[in-house]
file input.cif (mmCIF, N, CA and C atoms)
data_structure
loop_
_atom_site.label_atom_id
_atom_site.label_comp_id
_atom_site.auth_asym_id
_atom_site.auth_seq_id
_atom_site.Cartn_x
_atom_site.Cartn_y
_atom_site.Cartn_z
N MET A 1 -1.76 -136.04 -165.60
CA MET A 1 -1.71 -137.46 -165.75
C MET A 1 -0.55 -137.79 -166.68
N ILE A 2 0.28 -138.74 -166.28
CA ILE A 2 1.41 -139.12 -167.12
C ILE A 2 1.43 -140.63 -167.28
N GLY A 3 2.05 -141.07 -168.34
CA GLY A 3 2.19 -142.50 -168.60
C GLY A 3 2.65 -142.73 -170.02
N ASN A 4 2.92 -143.98 -170.34
CA ASN A 4 3.41 -144.28 -171.68
C ASN A 4 2.35 -144.94 -172.56
N ASN A 5 1.13 -145.12 -172.04
CA ASN A 5 0.06 -145.73 -172.81
C ASN A 5 -1.03 -144.68 -173.03
N GLU A 6 -1.01 -144.04 -174.20
CA GLU A 6 -1.93 -142.93 -174.47
C GLU A 6 -3.40 -143.38 -174.51
N ILE A 7 -3.65 -144.59 -174.95
CA ILE A 7 -5.03 -145.10 -175.01
C ILE A 7 -5.58 -145.25 -173.59
N TYR A 8 -4.77 -145.76 -172.69
CA TYR A 8 -5.18 -145.93 -171.30
C TYR A 8 -5.41 -144.57 -170.62
N ILE A 9 -4.51 -143.62 -170.88
CA ILE A 9 -4.67 -142.28 -170.32
C ILE A 9 -5.95 -141.64 -170.83
N ALA A 10 -6.23 -141.80 -172.11
CA ALA A 10 -7.46 -141.23 -172.69
C ALA A 10 -8.70 -141.84 -172.04
N SER A 11 -8.67 -143.15 -171.76
CA SER A 11 -9.83 -143.79 -171.12
C SER A 11 -10.02 -143.29 -169.69
N ILE A 12 -8.93 -143.06 -168.97
CA ILE A 12 -9.02 -142.54 -167.61
C ILE A 12 -9.55 -141.11 -167.65
N ASN A 13 -9.05 -140.29 -168.57
CA ASN A 13 -9.55 -138.92 -168.72
C ASN A 13 -11.05 -138.91 -169.02
N LYS A 14 -11.48 -139.83 -169.84
CA LYS A 14 -12.91 -139.92 -170.20
C LYS A 14 -13.74 -140.22 -168.95
N GLU A 15 -13.25 -141.12 -168.11
CA GLU A 15 -13.96 -141.46 -166.87
C GLU A 15 -13.97 -140.27 -165.90
N PHE A 16 -12.85 -139.59 -165.78
CA PHE A 16 -12.78 -138.40 -164.92
C PHE A 16 -13.75 -137.32 -165.37
N LYS A 17 -13.87 -137.14 -166.68
CA LYS A 17 -14.74 -136.09 -167.22
C LYS A 17 -16.21 -136.35 -166.92
N LYS A 18 -16.54 -137.61 -166.63
CA LYS A 18 -17.92 -137.93 -166.27
C LYS A 18 -18.28 -137.34 -164.90
N GLY A 19 -17.31 -137.27 -163.99
CA GLY A 19 -17.59 -136.80 -162.63
C GLY A 19 -17.02 -135.43 -162.31
N PHE A 20 -16.07 -134.96 -163.14
CA PHE A 20 -15.40 -133.70 -162.86
C PHE A 20 -15.36 -132.84 -164.11
N GLU A 21 -15.34 -131.53 -163.89
CA GLU A 21 -15.16 -130.61 -165.01
C GLU A 21 -13.66 -130.51 -165.27
N MET A 22 -13.24 -130.92 -166.46
CA MET A 22 -11.81 -130.98 -166.77
C MET A 22 -11.52 -130.35 -168.13
N ILE A 23 -10.30 -129.86 -168.25
CA ILE A 23 -9.79 -129.37 -169.52
C ILE A 23 -8.45 -130.06 -169.76
N ASP A 24 -8.26 -130.60 -170.94
CA ASP A 24 -7.00 -131.24 -171.28
C ASP A 24 -6.13 -130.23 -172.02
N PHE A 25 -5.04 -129.82 -171.40
CA PHE A 25 -4.14 -128.84 -172.01
C PHE A 25 -3.04 -129.50 -172.83
N GLY A 26 -3.04 -130.80 -172.94
CA GLY A 26 -2.00 -131.50 -173.70
C GLY A 26 -0.75 -131.69 -172.87
N HIS A 27 0.37 -131.74 -173.55
CA HIS A 27 1.65 -131.95 -172.87
C HIS A 27 2.03 -130.75 -172.02
N VAL A 28 2.61 -131.03 -170.87
CA VAL A 28 3.04 -129.97 -169.96
C VAL A 28 4.33 -129.33 -170.50
N HIS A 29 4.44 -128.01 -170.36
CA HIS A 29 5.64 -127.30 -170.78
C HIS A 29 6.32 -126.61 -169.60
N TYR A 30 5.54 -126.28 -168.58
CA TYR A 30 6.05 -125.55 -167.43
C TYR A 30 5.22 -125.95 -166.23
N TYR A 31 5.86 -126.38 -165.14
CA TYR A 31 5.13 -126.82 -163.96
C TYR A 31 5.90 -126.43 -162.70
N LEU A 32 5.30 -125.60 -161.85
CA LEU A 32 5.90 -125.18 -160.58
C LEU A 32 7.32 -124.67 -160.73
N GLY A 33 7.54 -123.85 -161.75
CA GLY A 33 8.86 -123.28 -161.97
C GLY A 33 9.84 -124.21 -162.65
N ILE A 34 9.37 -125.36 -163.08
CA ILE A 34 10.23 -126.32 -163.76
C ILE A 34 9.82 -126.40 -165.22
N GLU A 35 10.77 -126.14 -166.10
CA GLU A 35 10.52 -126.24 -167.54
C GLU A 35 10.61 -127.71 -167.95
N VAL A 36 9.63 -128.16 -168.73
CA VAL A 36 9.57 -129.56 -169.15
C VAL A 36 9.66 -129.61 -170.66
N THR A 37 10.65 -130.34 -171.17
CA THR A 37 10.81 -130.56 -172.60
C THR A 37 10.66 -132.05 -172.85
N GLN A 38 9.71 -132.41 -173.69
CA GLN A 38 9.43 -133.81 -173.95
C GLN A 38 9.92 -134.22 -175.33
N HIS A 39 10.58 -135.36 -175.39
CA HIS A 39 11.04 -135.97 -176.62
C HIS A 39 10.41 -137.36 -176.70
N PRO A 40 10.46 -138.01 -177.83
CA PRO A 40 9.81 -139.32 -177.95
C PRO A 40 10.25 -140.35 -176.91
N LYS A 41 11.52 -140.33 -176.52
CA LYS A 41 11.99 -141.34 -175.56
C LYS A 41 12.52 -140.75 -174.26
N SER A 42 12.32 -139.45 -174.05
CA SER A 42 12.85 -138.85 -172.83
C SER A 42 12.07 -137.58 -172.47
N ILE A 43 12.25 -137.19 -171.22
CA ILE A 43 11.69 -135.95 -170.70
C ILE A 43 12.84 -135.21 -170.02
N PHE A 44 13.01 -133.93 -170.34
CA PHE A 44 14.08 -133.12 -169.79
C PHE A 44 13.48 -132.06 -168.88
N LEU A 45 13.96 -131.99 -167.63
CA LEU A 45 13.50 -130.99 -166.66
C LEU A 45 14.60 -129.96 -166.46
N SER A 46 14.22 -128.69 -166.41
CA SER A 46 15.19 -127.61 -166.25
C SER A 46 14.59 -126.50 -165.39
N GLN A 47 15.44 -125.84 -164.64
CA GLN A 47 15.03 -124.67 -163.87
C GLN A 47 15.88 -123.47 -164.27
N LYS A 48 16.14 -123.34 -165.57
CA LYS A 48 16.99 -122.27 -166.07
C LYS A 48 16.45 -120.89 -165.71
N LYS A 49 15.18 -120.65 -165.93
CA LYS A 49 14.59 -119.35 -165.60
C LYS A 49 14.63 -119.11 -164.10
N TYR A 50 14.28 -120.12 -163.31
CA TYR A 50 14.30 -120.00 -161.85
C TYR A 50 15.71 -119.67 -161.37
N THR A 51 16.72 -120.32 -161.94
CA THR A 51 18.10 -120.08 -161.56
C THR A 51 18.51 -118.66 -161.91
N GLY A 52 18.13 -118.20 -163.09
CA GLY A 52 18.44 -116.82 -163.49
C GLY A 52 17.78 -115.81 -162.56
N ASP A 53 16.51 -116.07 -162.21
CA ASP A 53 15.80 -115.19 -161.28
C ASP A 53 16.47 -115.19 -159.91
N LEU A 54 16.94 -116.35 -159.48
CA LEU A 54 17.62 -116.48 -158.19
C LEU A 54 18.93 -115.69 -158.19
N LEU A 55 19.71 -115.82 -159.25
CA LEU A 55 20.97 -115.07 -159.35
C LEU A 55 20.69 -113.56 -159.35
N ASN A 56 19.66 -113.16 -160.05
CA ASN A 56 19.29 -111.74 -160.10
C ASN A 56 18.84 -111.24 -158.73
N ARG A 57 18.03 -112.02 -158.05
CA ARG A 57 17.48 -111.65 -156.74
C ARG A 57 18.57 -111.41 -155.70
N PHE A 58 19.64 -112.21 -155.78
CA PHE A 58 20.70 -112.10 -154.78
C PHE A 58 21.94 -111.38 -155.33
N GLY A 59 21.78 -110.67 -156.45
CA GLY A 59 22.85 -109.85 -156.99
C GLY A 59 24.07 -110.61 -157.47
N MET A 60 23.85 -111.79 -158.06
CA MET A 60 24.96 -112.64 -158.48
C MET A 60 24.98 -112.88 -159.99
N THR A 61 24.32 -112.03 -160.76
CA THR A 61 24.23 -112.28 -162.21
C THR A 61 25.58 -112.14 -162.92
N LYS A 62 26.47 -111.34 -162.39
CA LYS A 62 27.76 -111.13 -163.05
C LYS A 62 28.90 -111.86 -162.33
N CYS A 63 28.57 -112.84 -161.51
CA CYS A 63 29.61 -113.55 -160.77
C CYS A 63 30.34 -114.54 -161.69
N ASN A 64 31.53 -114.90 -161.30
CA ASN A 64 32.30 -115.90 -162.04
C ASN A 64 31.84 -117.29 -161.62
N PRO A 65 31.52 -118.17 -162.57
CA PRO A 65 31.05 -119.50 -162.20
C PRO A 65 32.16 -120.38 -161.62
N LEU A 66 31.76 -121.32 -160.79
CA LEU A 66 32.67 -122.29 -160.21
C LEU A 66 32.27 -123.69 -160.68
N THR A 67 33.21 -124.62 -160.62
CA THR A 67 32.90 -125.99 -161.06
C THR A 67 32.35 -126.86 -159.94
N THR A 68 32.57 -126.46 -158.70
CA THR A 68 32.06 -127.23 -157.56
C THR A 68 31.22 -126.31 -156.67
N PRO A 69 30.17 -126.85 -156.05
CA PRO A 69 29.27 -126.02 -155.24
C PRO A 69 29.75 -125.76 -153.81
N MET A 70 30.94 -126.26 -153.46
CA MET A 70 31.41 -126.10 -152.09
C MET A 70 32.94 -126.08 -152.07
N GLU A 71 33.50 -125.24 -151.22
CA GLU A 71 34.96 -125.21 -151.10
C GLU A 71 35.46 -126.50 -150.47
N LYS A 72 36.64 -126.92 -150.88
CA LYS A 72 37.25 -128.13 -150.34
C LYS A 72 37.65 -127.87 -148.88
N ASN A 73 37.40 -128.83 -148.03
CA ASN A 73 37.76 -128.80 -146.61
C ASN A 73 37.14 -127.64 -145.84
N ILE A 74 35.97 -127.18 -146.25
CA ILE A 74 35.29 -126.10 -145.53
C ILE A 74 34.76 -126.64 -144.20
N ASN A 75 34.84 -125.83 -143.17
CA ASN A 75 34.39 -126.25 -141.84
C ASN A 75 33.34 -125.26 -141.36
N LEU A 76 32.07 -125.62 -141.52
CA LEU A 76 30.98 -124.75 -141.07
C LEU A 76 30.48 -125.24 -139.72
N THR A 77 30.48 -124.33 -138.74
CA THR A 77 30.00 -124.67 -137.40
C THR A 77 29.01 -123.62 -136.94
N SER A 78 28.30 -123.92 -135.87
CA SER A 78 27.32 -122.98 -135.33
C SER A 78 27.87 -122.23 -134.11
N ILE A 79 29.19 -122.26 -133.92
CA ILE A 79 29.75 -121.60 -132.74
C ILE A 79 30.86 -120.62 -133.07
N GLU A 80 31.17 -120.40 -134.34
CA GLU A 80 32.28 -119.54 -134.71
C GLU A 80 31.86 -118.46 -135.69
N GLY A 81 32.54 -117.33 -135.62
CA GLY A 81 32.38 -116.29 -136.62
C GLY A 81 31.47 -115.16 -136.22
N LYS A 82 31.36 -114.20 -137.16
CA LYS A 82 30.50 -113.04 -136.96
C LYS A 82 29.09 -113.40 -137.44
N GLU A 83 28.10 -113.10 -136.61
CA GLU A 83 26.72 -113.43 -136.95
C GLU A 83 26.26 -112.64 -138.16
N PHE A 84 25.56 -113.30 -139.08
CA PHE A 84 25.02 -112.66 -140.28
C PHE A 84 23.74 -111.93 -139.88
N GLU A 85 23.67 -110.63 -140.17
CA GLU A 85 22.58 -109.80 -139.67
C GLU A 85 21.21 -110.12 -140.25
N ASP A 86 21.13 -110.43 -141.53
CA ASP A 86 19.84 -110.60 -142.20
C ASP A 86 19.43 -112.07 -142.23
N ALA A 87 18.79 -112.53 -141.15
CA ALA A 87 18.39 -113.92 -141.04
C ALA A 87 17.40 -114.31 -142.13
N THR A 88 16.49 -113.41 -142.46
CA THR A 88 15.48 -113.69 -143.49
C THR A 88 16.13 -113.93 -144.84
N LYS A 89 17.11 -113.13 -145.17
CA LYS A 89 17.79 -113.25 -146.46
C LYS A 89 18.51 -114.60 -146.56
N TYR A 90 19.17 -115.02 -145.49
CA TYR A 90 19.85 -116.31 -145.48
C TYR A 90 18.84 -117.44 -145.66
N ARG A 91 17.76 -117.38 -144.92
CA ARG A 91 16.74 -118.44 -145.02
C ARG A 91 16.10 -118.48 -146.41
N GLN A 92 15.88 -117.31 -147.00
CA GLN A 92 15.31 -117.28 -148.34
C GLN A 92 16.26 -117.91 -149.35
N LEU A 93 17.55 -117.61 -149.22
CA LEU A 93 18.52 -118.18 -150.15
C LEU A 93 18.62 -119.69 -149.99
N VAL A 94 18.73 -120.17 -148.78
CA VAL A 94 18.86 -121.61 -148.57
C VAL A 94 17.57 -122.33 -148.99
N GLY A 95 16.42 -121.75 -148.69
CA GLY A 95 15.16 -122.34 -149.14
C GLY A 95 15.06 -122.40 -150.65
N SER A 96 15.50 -121.34 -151.32
CA SER A 96 15.49 -121.31 -152.78
C SER A 96 16.45 -122.34 -153.35
N LEU A 97 17.62 -122.47 -152.74
CA LEU A 97 18.57 -123.48 -153.19
C LEU A 97 18.02 -124.88 -152.98
N ASN A 98 17.28 -125.07 -151.89
CA ASN A 98 16.67 -126.37 -151.62
C ASN A 98 15.69 -126.74 -152.74
N TYR A 99 14.90 -125.78 -153.20
CA TYR A 99 13.99 -126.05 -154.31
C TYR A 99 14.75 -126.33 -155.60
N LEU A 100 15.89 -125.70 -155.76
CA LEU A 100 16.71 -125.90 -156.96
C LEU A 100 17.29 -127.32 -157.03
N THR A 101 17.39 -128.00 -155.90
CA THR A 101 17.93 -129.37 -155.91
C THR A 101 17.03 -130.34 -156.68
N THR A 102 15.81 -129.91 -157.02
CA THR A 102 14.91 -130.74 -157.82
C THR A 102 15.58 -131.14 -159.13
N THR A 103 16.24 -130.20 -159.77
CA THR A 103 16.91 -130.48 -161.04
C THR A 103 18.43 -130.42 -160.93
N ARG A 104 18.94 -130.07 -159.77
CA ARG A 104 20.39 -129.99 -159.56
C ARG A 104 20.78 -130.82 -158.33
N PRO A 105 20.74 -132.15 -158.45
CA PRO A 105 21.11 -132.98 -157.30
C PRO A 105 22.56 -132.82 -156.87
N ASP A 106 23.40 -132.24 -157.73
CA ASP A 106 24.80 -132.03 -157.38
C ASP A 106 25.00 -131.02 -156.25
N ILE A 107 23.99 -130.21 -155.96
CA ILE A 107 24.13 -129.25 -154.86
C ILE A 107 23.41 -129.72 -153.60
N SER A 108 22.81 -130.89 -153.64
CA SER A 108 22.02 -131.40 -152.50
C SER A 108 22.83 -131.50 -151.21
N PHE A 109 24.05 -131.99 -151.30
CA PHE A 109 24.87 -132.18 -150.11
C PHE A 109 25.14 -130.86 -149.40
N VAL A 110 25.64 -129.87 -150.14
CA VAL A 110 25.97 -128.59 -149.52
C VAL A 110 24.72 -127.85 -149.06
N VAL A 111 23.62 -127.96 -149.78
CA VAL A 111 22.37 -127.32 -149.34
C VAL A 111 21.88 -127.97 -148.05
N GLY A 112 22.04 -129.27 -147.94
CA GLY A 112 21.68 -129.96 -146.69
C GLY A 112 22.51 -129.46 -145.51
N ILE A 113 23.78 -129.23 -145.75
CA ILE A 113 24.65 -128.70 -144.69
C ILE A 113 24.22 -127.28 -144.32
N LEU A 114 23.98 -126.44 -145.32
CA LEU A 114 23.56 -125.05 -145.06
C LEU A 114 22.22 -125.00 -144.33
N SER A 115 21.37 -125.97 -144.59
CA SER A 115 20.05 -126.02 -143.94
C SER A 115 20.15 -126.26 -142.44
N ARG A 116 21.24 -126.84 -142.00
CA ARG A 116 21.43 -127.09 -140.57
C ARG A 116 21.58 -125.80 -139.77
N PHE A 117 21.90 -124.70 -140.46
CA PHE A 117 22.19 -123.44 -139.78
C PHE A 117 21.10 -122.40 -140.01
N MET A 118 19.87 -122.83 -140.19
CA MET A 118 18.78 -121.89 -140.44
C MET A 118 18.49 -121.02 -139.21
N GLN A 119 18.66 -121.55 -138.03
CA GLN A 119 18.36 -120.80 -136.81
C GLN A 119 19.52 -119.92 -136.37
N LYS A 120 20.73 -120.42 -136.49
CA LYS A 120 21.91 -119.67 -136.05
C LYS A 120 22.96 -119.78 -137.13
N HIS A 121 23.14 -118.69 -137.86
CA HIS A 121 24.07 -118.71 -138.99
C HIS A 121 25.02 -117.51 -138.90
N TYR A 122 26.16 -117.71 -139.48
CA TYR A 122 27.20 -116.70 -139.46
C TYR A 122 27.53 -116.27 -140.88
N GLU A 123 28.39 -115.27 -141.01
CA GLU A 123 28.77 -114.79 -142.33
C GLU A 123 29.40 -115.88 -143.18
N GLY A 124 30.12 -116.79 -142.55
CA GLY A 124 30.72 -117.91 -143.28
C GLY A 124 29.68 -118.78 -143.96
N HIS A 125 28.53 -118.95 -143.32
CA HIS A 125 27.44 -119.71 -143.92
C HIS A 125 26.87 -118.97 -145.13
N TRP A 126 26.74 -117.65 -144.99
CA TRP A 126 26.24 -116.82 -146.09
C TRP A 126 27.18 -116.91 -147.30
N PHE A 127 28.49 -116.80 -147.05
CA PHE A 127 29.45 -116.88 -148.15
C PHE A 127 29.43 -118.27 -148.80
N ALA A 128 29.25 -119.31 -147.99
CA ALA A 128 29.17 -120.67 -148.53
C ALA A 128 27.91 -120.82 -149.42
N ALA A 129 26.82 -120.20 -149.00
CA ALA A 129 25.59 -120.27 -149.80
C ALA A 129 25.76 -119.52 -151.12
N LYS A 130 26.48 -118.41 -151.08
CA LYS A 130 26.72 -117.67 -152.32
C LYS A 130 27.64 -118.43 -153.27
N ILE A 131 28.53 -119.26 -152.72
CA ILE A 131 29.37 -120.11 -153.56
C ILE A 131 28.51 -121.10 -154.33
N VAL A 132 27.48 -121.60 -153.70
CA VAL A 132 26.56 -122.52 -154.40
C VAL A 132 25.92 -121.81 -155.58
N LEU A 133 25.55 -120.55 -155.42
CA LEU A 133 24.98 -119.80 -156.53
C LEU A 133 25.97 -119.66 -157.69
N ARG A 134 27.22 -119.54 -157.37
CA ARG A 134 28.24 -119.40 -158.43
C ARG A 134 28.37 -120.70 -159.18
#
call {"tool": "encode", "arguments": {"input": "input.cif", "output": "structure tokens"}}
result
Amino acid sequence: MIGNNEIYIASINKEFKKGFEMIDFGHVHYYLGIEVTQHPKSIFLSQKKYTGDLLNRFGMTKCNPLTTPMEKNINLTSIEGKEFEDATKYRQLVGSLNYLTTTRPDISFVVGILSRFMQKHYEGHWFAAKIVLR
């Protein structure tokens, strides 16, 4: 339960406890892989651990970072190039990147493009997805 009126939240919790067995854990710190840091006037969401795990999973922990998630003038199509052999690996990476867009909206555009090639993808798509990781 979230809100800015603690008295109202407490009254709702009291009503819920009448009909349901509940435990109040206080402020959230971690939810579905998203780290939550609360300040008096703001809430900060981060997926730092998830991102680190993702880089580790795909062998990119020592890669050089880039400032943009996509190469300029890249042309990704579904009719050119050498087919990428590991379809599951590509889908796992793109799905993981899609979840990362929760706190990284700057990669949403390129992840949306990469998602178009889930059924038929080539090595160029794989390399483009790895650029997003960088």
call {"tool": "residues_around", "arguments": {"input": "input.cif", "residues": "Thr103 in chain A", "least_positions_apart": "4", "cutoff": "7 Å", "atoms": "all atoms listed in the file", "output": "list in words"}}
result
Leu45, Ser46, Gln47 and Tyr99 of chain A
call {"tool": "atom_distance", "arguments": {"input": "input.cif", "atom1": "CA of Lys120 in chain A", "atom2": "CA of Gly95 in chain A"}}
result
15.0 Å
call {"tool": "resolve_selection", "arguments": {"input": "input.cif", "expression": "the PyMOL selection byres (((chain A and resi 60 and name CA) around 12) and name CA)", "output": "MDAnalysis selection string"}}
result
chainID A and resid 51:59 61:65 93 129:134
call {"tool": "select_by_dssp", "arguments": {"input": "input.cif", "residues": "chain A", "states": "alpha helix (DSSP H)", "output": "number ranges by chain"}}
result
A: 6-19, 48-57, 87-100, 108-115, 123-133
call {"tool": "closest_residue", "arguments": {"input": "input.cif", "among": "A:Glu6, A:His29, A:Ile113, A:Val36", "to": "Leu76 in chain A", "atoms": "only N, CA and C atoms"}}
result
A:Ile113
call {"tool": "residues_around", "arguments": {"input": "input.cif", "residues": "Ile107 in chain A", "least_positions_apart": "5", "cutoff": "9 Å", "atoms": "only C-alpha atoms", "output": "PyMOL selection string"}}
result
chain A and resi 68-70+97-98+100-101+112+132
call {"tool": "select_by_dssp", "arguments": {"input": "input.cif", "residues": "chain A", "states": "strand (DSSP E or B)", "output": "PyMOL selection string"}}
result
chain A and resi 30-31+34-39+42-46+83+122
call {"tool": "write_last_selection", "arguments": {"input": "input.cif", "atoms": "N, CA and C atoms", "output": "mmCIF file, in the frame of the given file"}}
result
data_model
loop_
_atom_site.group_PDB
_atom_site.id
_atom_site.type_symbol
_atom_site.label_atom_id
_atom_site.label_comp_id
_atom_site.auth_asym_id
_atom_site.auth_seq_id
_atom_site.Cartn_x
_atom_site.Cartn_y
_atom_site.Cartn_z
ATOM 1 N N TYR A 30 5.540 -126.280 -168.580
ATOM 2 C CA TYR A 30 6.050 -125.550 -167.430
ATOM 3 C C TYR A 30 5.220 -125.950 -166.230
ATOM 4 N N TYR A 31 5.860 -126.380 -165.140
ATOM 5 C CA TYR A 31 5.130 -126.820 -163.960
ATOM 6 C C TYR A 31 5.900 -126.430 -162.700
ATOM 7 N N ILE A 34 9.370 -125.360 -163.080
ATOM 8 C CA ILE A 34 10.230 -126.320 -163.760
ATOM 9 C C ILE A 34 9.820 -126.400 -165.220
ATOM 10 N N GLU A 35 10.770 -126.140 -166.100
ATOM 11 C CA GLU A 35 10.520 -126.240 -167.540
ATOM 12 C C GLU A 35 10.610 -127.710 -167.950
ATOM 13 N N VAL A 36 9.630 -128.160 -168.730
ATOM 14 C CA VAL A 36 9.570 -129.560 -169.150
ATOM 15 C C VAL A 36 9.660 -129.610 -170.660
ATOM 16 N N THR A 37 10.650 -130.340 -171.170
ATOM 17 C CA THR A 37 10.810 -130.560 -172.600
ATOM 18 C C THR A 37 10.660 -132.050 -172.850
ATOM 19 N N GLN A 38 9.710 -132.410 -173.690
ATOM 20 C CA GLN A 38 9.430 -133.810 -173.950
ATOM 21 C C GLN A 38 9.920 -134.220 -175.330
ATOM 22 N N HIS A 39 10.580 -135.360 -175.390
ATOM 23 C CA HIS A 39 11.040 -135.970 -176.620
ATOM 24 C C HIS A 39 10.410 -137.360 -176.700
ATOM 25 N N SER A 42 12.320 -139.450 -174.050
ATOM 26 C CA SER A 42 12.850 -138.850 -172.830
ATOM 27 C C SER A 42 12.070 -137.580 -172.470
ATOM 28 N N ILE A 43 12.250 -137.190 -171.220
ATOM 29 C CA ILE A 43 11.690 -135.950 -170.700
ATOM 30 C C ILE A 43 12.840 -135.210 -170.020
ATOM 31 N N PHE A 44 13.010 -133.930 -170.340
ATOM 32 C CA PHE A 44 14.080 -133.120 -169.790
ATOM 33 C C PHE A 44 13.480 -132.060 -168.880
ATOM 34 N N LEU A 45 13.960 -131.990 -167.630
ATOM 35 C CA LEU A 45 13.500 -130.990 -166.660
ATOM 36 C C LEU A 45 14.600 -129.960 -166.460
ATOM 37 N N SER A 46 14.220 -128.690 -166.410
ATOM 38 C CA SER A 46 15.190 -127.610 -166.250
ATOM 39 C C SER A 46 14.590 -126.500 -165.390
ATOM 40 N N GLU A 83 28.100 -113.100 -136.610
ATOM 41 C CA GLU A 83 26.720 -113.430 -136.950
ATOM 42 C C GLU A 83 26.260 -112.640 -138.160
ATOM 43 N N TYR A 122 26.160 -117.710 -139.480
ATOM 44 C CA TYR A 122 27.200 -116.700 -139.460
ATOM 45 C C TYR A 122 27.530 -116.270 -140.880
#
call {"tool": "atom_distance", "arguments": {"input": "input.cif", "atom1": "CA of Gln38 in chain A", "atom2": "atom C of Phe25 in chain A"}}
result
13.2 Å
call {"tool": "residues_near_point", "arguments": {"input": "input.cif", "point": "(18.6, -118.2, -138.0)", "cutoff": "8 Å", "atoms": "only N, CA and C atoms", "output": "ChimeraX atom specification"}}
result
/A:86-88,90-91,117-122
call {"tool": "residues_around", "arguments": {"input": "input.cif", "residues": "range 123-128 of chain A", "least_positions_apart": "6", "cutoff": "6 Å", "atoms": "only C-alpha atoms", "output": "list in words"}}
result
Lys82, Glu83 and Phe84 of chain A
call {"tool": "atom_distance", "arguments": {"input": "input.cif", "atom1": "atom N of Ile43 in chain A", "atom2": "CA of Thr102 in chain A"}}
result
15.1 Å
call {"tool": "closest_residue", "arguments": {"input": "input.cif", "among": "A:Arg104, A:Lys89, A:Lys18, A:His27", "to": "Ile2 in chain A", "atoms": "only C-alpha atoms"}}
result
A:His27
